[in-house]
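J.: Before we start, here is the structure in question, set down as structure tokens.
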Amino acid sequence: MPPLLRYPSVDELGEQAAVLVTRHPRDARLRRVGTSRAGAPLWLLSVGHGSRHTLVVAGPHANEPVGGATALRLAERALVDPGLTEGADTTWNLLLCLDPDGLRRNEGWLAGPYVLDDYFRKFYRPAFLEQPEWLPHGADAAALPETRALLALQDELRPFFQCSLHGVDVGGGFVELTRDLPGLAPRIARAAARLGIPRELGAYDTLYWPTLGPAVYRIPPPRPSGLAAAITEAAVESTWYHPHRYGTVTAVVEAPMWGVPAVEDAAPPADPDAALRVISGALRHDTRLLKRILKRLRPHVPGTADAARLLAPVGDYLLVCPGLADAWDPDTADRAHPLPPLSTAHLTALHIAGRRLALRTAGLLHQLARDTGRDAAAVRPELDRLLDQWCADLRDGRGARWIPLPHQVEYQSRVVLAAFELAVRGASDSSRTGEPGWGSEPVVPMHGE
């Protein structure tokens, strides 16, 4: 494999996997398991001949390319370490990219330079209903071909261990599990310390979730829900839980691109309510600015499919932001779901989350204005100013620093292998069908996008 200097593109993922198969024809296979909405192949790279299966899903979110590089690294490890295949009676199955269409739309920044300003100006992530891991209406109603391909693969393989490879653009690393893997937290801590990766000890996605250890969280069981609830709640059906019926344990492994040291500061803040008022007030203010810009821009946006793809996630973000601001504000929070005790790490994660939502929205609007032409040019200077200001807040105000790509991939690979080893130890229980009481827990809020 060539030196890892940049994120691989959609085409390079398939090409590098084909090279591995050519070099290891006995132990590696590459097959097409589906086709994207735009006609791109969904490639599955399999290594080993064990009777049990591990399924690794890379690229579930379009703006999180680290997983593809990690999947190739894991394949290389499995090809040279028989303890991962024959010794564990396991076949490794690596889906190289679940959303190749979305990843292709991010290729404007994939090759670098890796700076926040460039990333957010070229950022793309589809609307919630176009993200293939989610099942807001249940598996039987899955509409996306990428989703249907993944569901079919899960039903075919019945993996004892599944891993979904995600990336945090700004923050720290953490893991979400559908079932506890005791001993994972200290292994994450060792990998993070060795590679200079901050652990996110108060991840905003998991604000109400059970904590299984530092930077390890338990994903609540799903319940069917509508779109609005699906965007803001954890208890929504997903491909993370679909193979649960086979005894599968799923690990969602988040690796950061830009690290922020304060996300692992577990110290109690001096005045959390005051900090929450500032964070929620900033999100409300930023949302009002962005809504005004959208109103000015909207009459000039053409009715094309490309414009619709950019407008849809803008609509999702602007829908979610006011509710998040209310949930975080101690003066307006839902008393039925009070915030848990907050550390400095929690407050840092909430600040970053609010900034991230504003930056993503501004970046998508900037692309719309750029592509719309002279009639929309009047909003571009304001969007440029906001993007510069908000990126500076993360870079200079919060200390966001680029984590070298080899460190991102090595960290994510080590966490996957640690989780795999622990799942192998517990695989004697994997023949059971689900868990007692699955789906009986109450719906709990999640501050997800």
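Ordered as shown in the structure tokens, chains take letters A, B, and onward, while each chain numbers its residues from 1 and ligands are numbered from 1 in the order shown.
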Based on the backbone DSSP call, show me all residues of range 122-358 of chain A assigned strand (DSSP E or B), as a PyMOL selection string.
T.: chain A and resi 134+161-171+173-177+199+211-213+216-218+233+238+249-259
J.: At a cut-off of 12 Å, can you tabulate as a tab-separated table every residue of range 131-176 of chain A near range 190-203 of chain A together with its closest atom pair and the distance in Å to one decimal, using only C-alpha atoms and ordering rows by chain then number?
T.:
residue	atom	partner	partner_atom	distance
A:Val168	CA	A:Glu200	CA	10.0
A:Val170	CA	A:Glu200	CA	10.4
A:Gly171	CA	A:Glu200	CA	6.8
A:Gly172	CA	A:Glu200	CA	4.6
A:Gly173	CA	A:Arg199	CA	4.8
A:Phe174	CA	A:Glu200	CA	5.7
A:Val175	CA	A:Glu200	CA	9.2
A:Glu176	CA	A:Ala203	CA	10.2
J.: Find the residues near range 42-52 of chain A: any atom within 7 Å, counting only C-alpha atoms, skip ones fewer than 2 places away on the same chain, and give them as a CSV table (one decimal) with C-alpha atoms, in the first residue's frame.
T.:
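Here's the written file selection-v3.csv:
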chain,number,residue,atom,x,y,z
A,14,GLY,CA,-11.8,-0.1,-4.7
A,17,ALA,CA,-8.7,-3.4,-2.3
A,27,ASP,CA,-7.2,-15.3,1.5
A,28,ALA,CA,-8.8,-12.1,0.1
A,29,ARG,CA,-11.9,-11.7,-2.0
A,30,LEU,CA,-13.7,-8.6,-3.4
A,31,ARG,CA,-17.3,-8.6,-4.5
A,32,ARG,CA,-20.0,-6.1,-5.3
A,33,VAL,CA,-22.8,-6.3,-2.8
A,34,GLY,CA,-25.0,-3.5,-4.0
A,35,THR,CA,-25.2,-0.3,-6.0
A,36,SER,CA,-25.6,3.3,-4.9
A,40,ALA,CA,-21.5,3.4,-7.8
A,75,ALA,CA,-7.6,-6.0,5.9
A,78,ALA,CA,-5.9,-9.7,9.0
A,79,LEU,CA,-3.8,-10.9,6.1
A,85,THR,CA,-8.6,-15.1,11.1
A,86,GLU,CA,-7.8,-18.8,11.6
A,89,ASP,CA,-12.2,-18.9,13.3
A,90,THR,CA,-13.3,-15.5,11.8
A,91,THR,CA,-13.8,-14.1,8.3
A,92,TRP,CA,-13.4,-10.3,8.2
A,93,ASN,CA,-15.9,-8.6,5.9
A,94,LEU,CA,-15.1,-4.9,5.2
A,95,LEU,CA,-17.7,-2.8,3.4
A,96,LEU,CA,-15.3,-0.1,1.9
A,97,CYS,CA,-17.9,2.7,1.7
A,98,LEU,CA,-21.6,2.7,2.5
A,159,PRO,CA,-21.9,-11.3,12.3
A,160,PHE,CA,-21.0,-11.9,15.9
J.: Pick the closest to Ala141 in chain A from A:Leu129, A:Val424, A:Leu347, A:Ala18: which is it, counting only C-alpha atoms?
T.: A:Leu129
J.: May I ask which of the residues A:Leu297, A:Ala325, A:Val416, A:Leu116 is the closest one to Ala377 in chain A, counting only C-alpha atoms?
T.: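 Residue with the minimum atom-to-atom distance to Ala377 in chain A: A:Leu297.
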J.: Please, what distance in Å, to one decimal, runs between CA of Ala185 in chain A and CA of Thr206 in chain A?
T.: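 CA of Ala185 in chain A sits 15.7 Å away from CA of Thr206 in chain A.
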J.: Which residues are close to range 299-302 of chain A, i.e. within 9 Å by only C-alpha atoms, leaving aside same-chain residues fewer than 4 positions away? Reply as a list of chain:residue names.
T.: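 Near neighbours after the sequence-gap exclusion: A:Lys295, A:Ala307, A:Ala308, A:Leu368, A:Ala369, A:Asp371, A:Thr372, A:Gly373, A:Asp375, A:Ala376.
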J.: Can I get the selected residues back with all heavy atoms, as a compact mmCIF listing (two decimals), in the first residue's frame?
T.:
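Result saved to part33.txt:
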# COMPACT_ATOMS: atom_id res chain seq x y z
N LYS A 295 -33.22 32.97 3.54
CA LYS A 295 -34.38 33.68 2.98
C LYS A 295 -33.95 34.58 1.82
O LYS A 295 -34.66 34.68 0.80
CB LYS A 295 -35.05 34.49 4.07
CG LYS A 295 -36.35 35.16 3.63
CD LYS A 295 -37.02 35.87 4.81
CE LYS A 295 -38.33 36.52 4.37
NZ LYS A 295 -38.99 37.21 5.52
N ALA A 307 -29.03 21.44 -6.32
CA ALA A 307 -29.43 22.45 -5.33
C ALA A 307 -30.31 21.82 -4.25
O ALA A 307 -30.17 22.15 -3.07
CB ALA A 307 -30.17 23.58 -6.03
N ALA A 308 -31.18 20.91 -4.63
CA ALA A 308 -32.06 20.25 -3.66
C ALA A 308 -31.24 19.43 -2.67
O ALA A 308 -31.58 19.36 -1.47
CB ALA A 308 -33.06 19.35 -4.38
N LEU A 368 -24.23 26.79 -2.21
CA LEU A 368 -25.42 27.21 -2.98
C LEU A 368 -25.21 28.59 -3.60
O LEU A 368 -25.52 28.81 -4.77
CB LEU A 368 -26.65 27.22 -2.07
CG LEU A 368 -27.36 25.91 -1.85
CD1 LEU A 368 -28.36 26.04 -0.70
CD2 LEU A 368 -28.08 25.46 -3.12
N ALA A 369 -24.68 29.52 -2.81
CA ALA A 369 -24.46 30.87 -3.32
C ALA A 369 -23.41 30.88 -4.42
O ALA A 369 -23.55 31.59 -5.43
CB ALA A 369 -24.02 31.79 -2.18
N ASP A 371 -22.71 28.44 -6.49
CA ASP A 371 -23.21 27.78 -7.70
C ASP A 371 -24.38 28.51 -8.34
O ASP A 371 -24.73 28.22 -9.48
CB ASP A 371 -23.63 26.34 -7.36
CG ASP A 371 -22.47 25.49 -6.88
OD1 ASP A 371 -21.31 25.89 -7.13
OD2 ASP A 371 -22.71 24.46 -6.24
N THR A 372 -24.99 29.44 -7.60
CA THR A 372 -26.19 30.10 -8.11
C THR A 372 -25.86 31.27 -9.03
O THR A 372 -26.64 31.62 -9.90
CB THR A 372 -27.06 30.56 -6.92
OG1 THR A 372 -27.45 29.42 -6.18
CG2 THR A 372 -28.31 31.28 -7.40
N GLY A 373 -24.70 31.90 -8.84
CA GLY A 373 -24.29 32.95 -9.76
C GLY A 373 -24.40 34.34 -9.17
O GLY A 373 -24.50 34.53 -7.95
N ASP A 375 -26.66 36.66 -9.02
CA ASP A 375 -27.84 37.10 -8.25
C ASP A 375 -27.70 36.76 -6.77
O ASP A 375 -28.30 37.43 -5.92
CB ASP A 375 -29.11 36.42 -8.80
CG ASP A 375 -29.50 36.96 -10.16
OD1 ASP A 375 -29.06 38.08 -10.49
OD2 ASP A 375 -30.22 36.26 -10.88
N ALA A 376 -26.92 35.74 -6.45
CA ALA A 376 -26.77 35.32 -5.04
C ALA A 376 -25.46 35.82 -4.43
O ALA A 376 -25.18 35.55 -3.28
CB ALA A 376 -26.82 33.80 -4.94
